[in-house]
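Enquirer: Dropping the structure in here first, questions after.
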Amino acid sequence: MKMLVTGATGNLGSKIVKKLLETVPADNIAVSVRNPEKAEDLRVQGVEVRQGDFDQPESLDKAFAGIDRLLLISADGDNDTRIRQHTQAVKAAVKANVKFIAYTSVVNAQESELFLAPTHKATEQAIMDTGIPYAFLRNNWYFENEASSIQGVLAGAPWVTSAGDGKVGWALQQDYAEAAAAVLAGEGHENKIYELSGSLLSQAEFAKEVGEVLGKEVQVQQVDDQTYAGIMKEAGVPEFILPMLVDIQKGIREGALEVASDDFERLLGRQLTPLRQGIEQIKQQA
């Protein structure tokens with residue numbers, strides 16, 4: 001059985017392949033990457049490295065050839081671009097007669113009002129329309145997305161947010177990677193949807209955890225969206241990223257990431273890695 005991971009040189013993809021290599025023979029694993037030279041370390045380990053570009057459908061036809069199980073990791077970019085890219089990848093999977101597609105989606109994708117959701121809603125539908133057995137890994141929010149805020153606290157800055165009391169199911173990216181590897185290499189996941197959320201915490205509760213690990217009181221500064229954007233701009237965030245950050249805060253405030261589920265633990269067969277462990281790592285790196 002040959003399985004393939006797209007985007008395998010990215011932060012999530014590389015962790016997934018590393019986890020797969022612990023239990024799956026290397027010659028059963030292939031990766032599709034835009035720049036194969038960046039995956040030389042995987043090739044050395046016996047993984048088959050294929051060139052595949054979501055903007056070049058013909059390259060995907062070749063990359064997916066002979067693949068039984070595909071993990072489609074969502075691409076970066078605006079919704080329209082990602083929908084086009086993902087749709088092309090799904091079409092290539094059909095051409096290649098792939099037998100199973102796992103896809104990294106977002107929590108509550110079909111009903112969510114989160115600005116990221118349209119991409120995932122459309123991609124899930126495209127996959128379901130193929131009739132190919134699937135698994136949707138509906139990821140909540142990466143702990144690593146808060147690294148810059150934690151580093152700011154270390155430098156003496158307050159925890160700034162416009163998300164109010166909205167709750168998020170943060171988890172470490174490594175746990176998301178291990179869940180994805182378990183689904184791709186495991187059995188019994190056909191036509192399943194997994195809502196992958198950690199314990200639900202508000203910004204204030206998260207900041208309290210940060211403070212306890214860092215040994216300092218963290219001031220939580222609740223602001224409106226416009227003020228939040230201004231503070232982020234002053235902190236050096238590129239202007240083109242600001243609308244996305246504001247939309248994330250708005251989505252959290254409105255409950256888009258407040259999705260409770262024990263699917264994560266069931267897939268992993270263990271409790272999630274404590275967020276404190278991730279905070280401690282950032283502290284040690286500072």
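As shown in the structure tokens, the chain order sets the letters A, B, ...; within each chain, residues go from 1, and ligands are also counted from 1 in the order they appear.
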Need the shell around Leu70 of chain A: protein/DNA/RNA residues with any atom at most 6 Å away, counting only C-alpha atoms. Skip same-chain ones fewer than 6 positions apart. Format as a ChimeraX atom specification?

Expert: /A:3-4,101

Enquirer: For C-alpha atoms, I'd like the residues from the last selection saved as a tab-separated table (two decimals), in the first residue's frame.

Expert:
```tsv
chain	number	residue	atom	x	y	z
A	3	MET	CA	0.63	6.48	0.72
A	4	LEU	CA	1.49	10.05	-0.18
A	101	ILE	CA	-8.23	10.81	0.74
```

Enquirer: Find the residues near Ile83 of chain A: any atom within 9 Å, counting only C-alpha atoms, skip ones fewer than 6 places away on the same chain, and give them as a PyMOL selection string.

Expert: chain A and resi 118-120+122-123

Enquirer: For the structure I just gave you, how does DSSP split segment 65-265 of chain A - specifically, which residues are helix (DSSP H, G or I)? Reply as a PyMOL selection string.

Expert: chain A and resi 79-95+117-130+143-154+173-185+203-214+225-234+239-253+263-265

Enquirer: Give me the residues within 12 Å of Gln281 of chain A as a list in words, counting only C-alpha atoms and dropping any in the same chain fewer than 4 places off.

Expert: Phe143, Glu144, Ala147, Ile150, Gln151, Leu172, Val210, Val213, Leu214, Pro274, Leu275, Arg276, Gln277, Gln285 and Ala286 of chain A

Enquirer: Could the residues in this selection be saved with C-alpha atoms as a PDB file, in the first residue's frame?

Expert:
```pdb
ATOM      1  CA  PHE A 143      -0.513  26.410  19.703  1.00  0.00           C
ATOM      2  CA  GLU A 144       2.438  27.617  17.618  1.00  0.00           C
ATOM      3  CA  ALA A 147       4.442  31.917  19.698  1.00  0.00           C
ATOM      4  CA  ILE A 150       4.320  34.491  24.121  1.00  0.00           C
ATOM      5  CA  GLN A 151       7.634  35.964  23.018  1.00  0.00           C
ATOM      6  CA  LEU A 172       0.522  21.496  19.643  1.00  0.00           C
ATOM      7  CA  VAL A 210       1.608  31.416  29.936  1.00  0.00           C
ATOM      8  CA  VAL A 213       4.999  28.842  33.149  1.00  0.00           C
ATOM      9  CA  LEU A 214       6.990  32.060  32.757  1.00  0.00           C
ATOM     10  CA  PRO A 274      -0.036  19.905  27.739  1.00  0.00           C
ATOM     11  CA  LEU A 275       0.181  23.430  26.349  1.00  0.00           C
ATOM     12  CA  ARG A 276       2.582  24.179  29.182  1.00  0.00           C
ATOM     13  CA  GLN A 277       5.141  21.968  27.477  1.00  0.00           C
ATOM     14  CA  GLN A 285      14.472  29.219  23.256  1.00  0.00           C
ATOM     15  CA  ALA A 286      14.268  32.858  24.332  1.00  0.00           C
TER      16      ALA A 286
END
```

Enquirer: Report as a count of residues only: the residues of segment 187-256 of chain A with a DSSP assignment of strand (DSSP E or B), based on the backbone of this structure.

Expert: 10

Enquirer: Give me, as a list in words, all polymer residues having an atom no more than 12 Å from Glu205 of chain A, counting only C-alpha atoms and skipping those fewer than 6 positions away in the same chain.

Expert: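 Near neighbours after the sequence-gap exclusion: Trp159, Gly164, Asp165, Gly166, Lys167, Val168, Gly169, Trp170, Ser199, Gly211, Glu212, Val218, Gln219, Val220 and Leu275 of chain A.
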